[in-house]
Each structure stands twice: as structure tokens, then as C-alpha cells.
Amino acid sequence: MARIGFIGLGNMGGGMAANLAKKGHDVHAFDLSEAALDRARKHGCLPAGSAKEAATDAEAVITMLPAGKHVEQVYADSVFGTVSTAAILIDCSTIDVATAKRVADAAAAKGLTAVDAPVSGGIAAANAGSLTFMVGGSGEAFERAQPFLADMGKAVIHAGANGAGQAAKICNNMILGATMIATCEAFALAGKLGLDAQAFYDIASVSSGQSWSMTSYCPVPGVGPESPADHDYAGGFATALMLKDLHLAIEAAASVDADTPLGTKARDLYEAFAAQGNGTLDFSAIIKNMGANN
């Protein structure tokens, strides 16, 4: 088992660090939140007094931070100059592609190896150790990172060179954001046409309208597998986080002159929904703006 420095113990990082400790790793964890550090301690991690302390003597450093600026700052201030060149640097944050590449280049200039490895699956998967990791980096870097990621997930997929993991994540979540809106619209329309929600689900979930948003994360309470809709849209994947990912996708599209009309419309709809004070609700709660009876 390895000594791991884990930096960022929020809703996702806390569960991920706990799973590494459960697998027997020596996890030295840091977060600015004392409550998060206390939870990490209860799950077998060793709280560190700083990000630099967490990275000291680590064989792997894993970061799970809010945005690219935080990743760059932590790497520059606490990771570079602290870890040995034998360590693998794994950033699991969802950030822009350009920053992911810039961080990897800065690491390489110091003789270090870094990968970007954003995740899919949400809080429940982070806690259960069933995340999907999309990894950007060299083949050698992927091989070094893979065992650590496998201890936190069900699938670890090499997407390509540095930045490719982030590209895969934002493209995937643009699909998710758009299909959730379409699913919510369809349930709202079905209700207004007199269709029972369960009957519509039973039909659409085995027909050509089927999607993950329908069958795994149904936005209607009491229909399909348990989802945030069954808990008044608490937990899950916050609207604010979906909006962040859609902004990243649209910004990336603009940088390569790609046309994304549906992705852009999804961003606009989630932006309006968040502006109504719904940023902390699960993103499937946007069904409330569709006039659905739920």
C-alpha cells in the first residue's frame, strides 16, 4: 500500500479519500474545512496541517478542488518543490482543458508526472467507490495512476494526452445537461397530455427515448430507481456544478470554433434556474421550471 497525499475533501473528495484509506493506503488528507478533516479522520485518513504537509513524502498526490485556479495555486505553492520525482500527480477536479495542460507542462518542467482524471458518478459513487475516471496523460503516466484510481472507482479509462480527460468530462456533461432537460420536458408534456408518469417511464425507459437521465436518474419522484427527486432534489449533482461544467464546455467550444446550440441553450436554462436560488438543488430539479406536476 502507498502513502497518498489527498488535497480537497469536499462532497466528492471526502468519499474518495475514505475509499483509499479503506483499501489500506496511508492517506494524509488536507482541506481548509475542519469539519471535513474531522470526517476524514473518522474514515481512517490522517489529517494534515497543510497541503504541503499532505504532499510530503507522498507516492501519489490526488487533488479534488473547485476550479483551475485552485489547482494551479496548490500545485505551485504546495506540491511542486515538495514531492519527489517518483510521485504521480493526479488531479481529479473538473477544470478547463487549457489549465489541465498548463499544469501538466509545469509538472514536466520540474521532472514530475501529472495526469488529469476528472470523474463521473456523483456523490453516491464517490462514497461507494464506483466512480468512472477519464484520464488524460501519457501511457506511462496512466499506468502509474491507474491503481490508485481503481481503488476509488469502477472504471478507469485512458482518454488520451494531458487535457483529454477534461475534454471527455465536459463533453459528457454537456450531453447529460441537455438530455436531462429533454427528459424533464417530456415528463411535463406527458403529464399535461394525461399520461401517468409511471406509465410513461415504463414505456420510454425501454424505447428509443431511453437515456441515463431517464432510467438511472429519473427527475420525477417515485418513478424509476431512487434518485435525488425522491429526496426533494437534495444531494446528487448540484445545479451550480452542472452550470460550471456547461460553462466550461461552451468556453471550450468557442476556443475551437465548434457549434454547440443545444449545449448553449442548456447552459442558459440552468443559468436561469440557478439565478432563481436553486444552485444547491440537484440539477434534475430543473423539472420544476417545466410546469410538471411532481
# chains A, B, ... in the order shown; residues from 1 in each chain; ligands from 1
$ residues_around --residues "region 235-247 of chain A" --least-positions-apart "6" --cutoff "10 Å" --atoms "only C-alpha atoms" --output "PDB file with C-alpha atoms, in the first residue's frame"
ATOM      1  CA  ASN A  11     -18.589  16.280  -1.177  1.00  0.00           C
ATOM      2  CA  PRO A  66     -13.258  23.645  -7.145  1.00  0.00           C
ATOM      3  CA  ALA A  67     -11.600  25.251 -10.180  1.00  0.00           C
ATOM      4  CA  THR A  94     -13.169  19.313 -13.210  1.00  0.00           C
ATOM      5  CA  ILE A  95     -11.333  22.258 -14.759  1.00  0.00           C
ATOM      6  CA  ASP A  96     -10.750  23.781 -18.188  1.00  0.00           C
ATOM      7  CA  GLY A 121     -20.874   9.359 -10.921  1.00  0.00           C
ATOM      8  CA  GLY A 122     -21.625  11.997  -8.311  1.00  0.00           C
ATOM      9  CA  ILE A 123     -21.510  11.909  -4.528  1.00  0.00           C
ATOM     10  CA  ALA A 124     -23.111   8.471  -4.180  1.00  0.00           C
ATOM     11  CA  ALA A 125     -20.495   6.901  -6.459  1.00  0.00           C
ATOM     12  CA  LYS A 169     -15.678  15.163 -18.901  1.00  0.00           C
ATOM     13  CA  ILE A 170     -17.093  18.435 -20.220  1.00  0.00           C
ATOM     14  CA  CYS A 171     -18.382  16.796 -23.410  1.00  0.00           C
ATOM     15  CA  ASN A 172     -20.032  14.039 -21.370  1.00  0.00           C
ATOM     16  CA  ASN A 173     -21.664  16.537 -19.022  1.00  0.00           C
ATOM     17  CA  MET A 174     -22.905  18.660 -21.893  1.00  0.00           C
ATOM     18  CA  ILE A 175     -24.793  15.561 -23.075  1.00  0.00           C
ATOM     19  CA  LEU A 176     -26.054  14.993 -19.535  1.00  0.00           C
ATOM     20  CA  GLY A 177     -27.267  18.560 -19.090  1.00  0.00           C
ATOM     21  CA  ALA A 178     -29.109  18.590 -22.409  1.00  0.00           C
ATOM     22  CA  TYR A 217     -31.721   9.414 -12.562  1.00  0.00           C
ATOM     23  CA  SER A 227     -32.781   9.437  -7.219  1.00  0.00           C
ATOM     24  CA  PRO A 228     -32.481  12.953  -5.735  1.00  0.00           C
ATOM     25  CA  ALA A 229     -36.054  13.577  -6.926  1.00  0.00           C
ATOM     26  CA  ALA A 253     -16.320  25.056 -27.910  1.00  0.00           C
ATOM     27  CA  GLY A 263     -25.262  22.837 -25.110  1.00  0.00           C
ATOM     28  CA  THR A 264     -25.530  26.614 -25.156  1.00  0.00           C
ATOM     29  CA  LYS A 265     -29.289  26.504 -24.606  1.00  0.00           C
ATOM     30  CA  ALA A 266     -28.841  24.046 -21.730  1.00  0.00           C
ATOM     31  CA  ARG A 267     -26.331  26.421 -20.135  1.00  0.00           C
ATOM     32  CA  ASP A 268     -28.772  29.315 -20.465  1.00  0.00           C
ATOM     33  CA  LEU A 269     -31.621  27.323 -18.900  1.00  0.00           C
ATOM     34  CA  TYR A 270     -29.507  26.156 -15.961  1.00  0.00           C
ATOM     35  CA  GLU A 271     -28.178  29.679 -15.513  1.00  0.00           C
ATOM     36  CA  ALA A 272     -31.733  30.988 -15.199  1.00  0.00           C
ATOM     37  CA  PHE A 273     -32.676  28.164 -12.832  1.00  0.00           C
ATOM     38  CA  ALA A 274     -29.644  28.829 -10.603  1.00  0.00           C
ATOM     39  CA  ALA A 275     -30.429  32.564 -10.594  1.00  0.00           C
ATOM     40  CA  ASN A 278     -31.762  26.800  -6.975  1.00  0.00           C
ATOM     41  CA  GLY A 279     -27.998  26.420  -7.257  1.00  0.00           C
ATOM     42  CA  THR A 280     -27.749  23.918  -4.399  1.00  0.00           C
ATOM     43  CA  LEU A 281     -30.575  21.699  -5.672  1.00  0.00           C
ATOM     44  CA  ASP A 282     -29.789  18.662  -7.779  1.00  0.00           C
ATOM     45  CA  PHE A 283     -29.692  19.562 -11.470  1.00  0.00           C
ATOM     46  CA  SER A 284     -32.740  17.348 -12.181  1.00  0.00           C
ATOM     47  CA  ALA A 285     -34.788  19.822 -10.148  1.00  0.00           C
ATOM     48  CA  ILE A 286     -34.967  21.940 -13.299  1.00  0.00           C
TER      49      ILE A 286
END
$ closest_atom_pairs --of "region 147-176 of chain A" --to "region 100-120 of chain A" --cutoff "8 Å" --atoms "only C-alpha atoms" --output "tab-separated table"
residue	atom	partner	partner_atom	distance
A:Asn162	CA	A:Lys101	CA	5.6
A:Gly163	CA	A:Lys101	CA	5.3
A:Ala164	CA	A:Asp116	CA	7.8
A:Gly165	CA	A:Ala117	CA	5.7
A:Gln166	CA	A:Pro118	CA	6.2
A:Lys169	CA	A:Pro118	CA	6.5
$ residues_around --residues "Leu9 (chain A)" --least-positions-apart "6" --cutoff "8 Å" --atoms "only C-alpha atoms" --output "JSON, numbers by chain"
{"A": [15, 17, 29, 30, 31, 36, 37, 40, 64]}
$ residues_around --residues "Met214 (chain A)" --least-positions-apart "3" --cutoff "12 Å" --atoms "only C-alpha atoms" --output "count of residues only"
35
$ select_by_dssp --residues "region 125-208 of chain A" --states "helix (DSSP H, G or I)" --output "ChimeraX atom specification"
/A:125-128,139-150,164-192,197-204
$ residues_around --residues "Ala54 (chain A)" --least-positions-apart "6" --cutoff "12 Å" --atoms "only C-alpha atoms" --output "number ranges by chain"
A: 3-8, 26-31, 37, 45-48, 60-63, 74, 78-79, 82-83
$ write_last_selection --atoms "N, CA and C atoms" --output "PDB file, in the first residue's frame"
ATOM      1  N   ARG A   3       1.706   5.626   0.388  1.00  0.00           N
ATOM      2  CA  ARG A   3       1.426   6.882   1.100  1.00  0.00           C
ATOM      3  C   ARG A   3       0.855   7.856   0.075  1.00  0.00           C
ATOM      4  N   ILE A   4      -0.334   8.370   0.361  1.00  0.00           N
ATOM      5  CA  ILE A   4      -1.044   9.248  -0.568  1.00  0.00           C
ATOM      6  C   ILE A   4      -1.334  10.576   0.097  1.00  0.00           C
ATOM      7  N   GLY A   5      -1.049  11.654  -0.605  1.00  0.00           N
ATOM      8  CA  GLY A   5      -1.461  12.977  -0.167  1.00  0.00           C
ATOM      9  C   GLY A   5      -2.751  13.328  -0.876  1.00  0.00           C
ATOM     10  N   PHE A   6      -3.813  13.591  -0.124  1.00  0.00           N
ATOM     11  CA  PHE A   6      -5.111  13.910  -0.730  1.00  0.00           C
ATOM     12  C   PHE A   6      -5.501  15.318  -0.320  1.00  0.00           C
ATOM     13  N   ILE A   7      -5.705  16.189  -1.311  1.00  0.00           N
ATOM     14  CA  ILE A   7      -5.980  17.602  -1.050  1.00  0.00           C
ATOM     15  C   ILE A   7      -7.343  17.966  -1.633  1.00  0.00           C
ATOM     16  N   GLY A   8      -8.288  18.304  -0.740  1.00  0.00           N
ATOM     17  CA  GLY A   8      -9.640  18.649  -1.165  1.00  0.00           C
ATOM     18  C   GLY A   8     -10.636  17.600  -0.735  1.00  0.00           C
ATOM     19  N   ASP A  26      -2.068   4.684   3.156  1.00  0.00           N
ATOM     20  CA  ASP A  26      -1.727   5.647   4.207  1.00  0.00           C
ATOM     21  C   ASP A  26      -2.075   7.033   3.658  1.00  0.00           C
ATOM     22  N   VAL A  27      -3.285   7.489   3.946  1.00  0.00           N
ATOM     23  CA  VAL A  27      -3.809   8.712   3.335  1.00  0.00           C
ATOM     24  C   VAL A  27      -3.631   9.904   4.266  1.00  0.00           C
ATOM     25  N   HIS A  28      -2.818  10.862   3.820  1.00  0.00           N
ATOM     26  CA  HIS A  28      -2.608  12.107   4.554  1.00  0.00           C
ATOM     27  C   HIS A  28      -3.449  13.167   3.849  1.00  0.00           C
ATOM     28  N   ALA A  29      -4.499  13.606   4.508  1.00  0.00           N
ATOM     29  CA  ALA A  29      -5.518  14.416   3.845  1.00  0.00           C
ATOM     30  C   ALA A  29      -5.557  15.841   4.382  1.00  0.00           C
ATOM     31  N   PHE A  30      -5.822  16.782   3.446  1.00  0.00           N
ATOM     32  CA  PHE A  30      -5.927  18.184   3.857  1.00  0.00           C
ATOM     33  C   PHE A  30      -7.121  18.857   3.205  1.00  0.00           C
ATOM     34  N   ASP A  31      -7.770  19.726   3.986  1.00  0.00           N
ATOM     35  CA  ASP A  31      -8.832  20.587   3.492  1.00  0.00           C
ATOM     36  C   ASP A  31      -8.863  21.824   4.381  1.00  0.00           C
ATOM     37  N   LEU A  37     -11.966  17.695   7.661  1.00  0.00           N
ATOM     38  CA  LEU A  37     -10.824  16.970   8.215  1.00  0.00           C
ATOM     39  C   LEU A  37     -11.267  15.990   9.292  1.00  0.00           C
ATOM     40  N   CYS A  45      -8.373   8.378   7.534  1.00  0.00           N
ATOM     41  CA  CYS A  45      -7.322   9.229   6.985  1.00  0.00           C
ATOM     42  C   CYS A  45      -6.578   9.942   8.115  1.00  0.00           C
ATOM     43  N   LEU A  46      -5.375  10.400   7.811  1.00  0.00           N
ATOM     44  CA  LEU A  46      -4.586  11.161   8.767  1.00  0.00           C
ATOM     45  C   LEU A  46      -4.648  12.628   8.374  1.00  0.00           C
ATOM     46  N   PRO A  47      -5.308  13.483   9.145  1.00  0.00           N
ATOM     47  CA  PRO A  47      -5.408  14.902   8.791  1.00  0.00           C
ATOM     48  C   PRO A  47      -4.038  15.568   8.764  1.00  0.00           C
ATOM     49  N   ALA A  48      -3.813  16.359   7.721  1.00  0.00           N
ATOM     50  CA  ALA A  48      -2.568  17.112   7.589  1.00  0.00           C
ATOM     51  C   ALA A  48      -2.831  18.572   7.920  1.00  0.00           C
ATOM     52  N   ALA A  60       1.823   9.333  -4.240  1.00  0.00           N
ATOM     53  CA  ALA A  60       0.817   9.882  -5.143  1.00  0.00           C
ATOM     54  C   ALA A  60       0.168  11.065  -4.455  1.00  0.00           C
ATOM     55  N   VAL A  61      -0.073  12.130  -5.216  1.00  0.00           N
ATOM     56  CA  VAL A  61      -0.804  13.283  -4.707  1.00  0.00           C
ATOM     57  C   VAL A  61      -2.074  13.410  -5.534  1.00  0.00           C
ATOM     58  N   ILE A  62      -3.213  13.398  -4.844  1.00  0.00           N
ATOM     59  CA  ILE A  62      -4.505  13.479  -5.524  1.00  0.00           C
ATOM     60  C   ILE A  62      -5.183  14.771  -5.082  1.00  0.00           C
ATOM     61  N   THR A  63      -5.622  15.566  -6.055  1.00  0.00           N
ATOM     62  CA  THR A  63      -6.311  16.814  -5.752  1.00  0.00           C
ATOM     63  C   THR A  63      -7.737  16.755  -6.271  1.00  0.00           C
ATOM     64  N   VAL A  74      -2.397  25.356  -5.745  1.00  0.00           N
ATOM     65  CA  VAL A  74      -1.959  24.278  -4.850  1.00  0.00           C
ATOM     66  C   VAL A  74      -0.711  23.596  -5.408  1.00  0.00           C
ATOM     67  N   SER A  78       2.332  24.239  -3.060  1.00  0.00           N
ATOM     68  CA  SER A  78       2.425  23.149  -2.085  1.00  0.00           C
ATOM     69  C   SER A  78       2.939  21.820  -2.634  1.00  0.00           C
ATOM     70  N   VAL A  79       2.768  21.583  -3.934  1.00  0.00           N
ATOM     71  CA  VAL A  79       3.143  20.281  -4.490  1.00  0.00           C
ATOM     72  C   VAL A  79       4.515  20.340  -5.152  1.00  0.00           C
ATOM     73  N   THR A  82       7.918  19.966  -3.301  1.00  0.00           N
ATOM     74  CA  THR A  82       7.688  19.148  -2.100  1.00  0.00           C
ATOM     75  C   THR A  82       7.801  17.670  -2.411  1.00  0.00           C
ATOM     76  N   VAL A  83       7.136  17.221  -3.477  1.00  0.00           N
ATOM     77  CA  VAL A  83       7.130  15.788  -3.795  1.00  0.00           C
ATOM     78  C   VAL A  83       8.385  15.385  -4.563  1.00  0.00           C
TER      79      VAL A  83
END
$ select_by_dssp --residues "region 21-253 of chain A" --states "strand (DSSP E or B)" --output "count of residues only"
36
$ atom_distance --atom1 "CA of Ala55 (chain A)" --atom2 "CA of Ala167 (chain A)"
26.7 Å
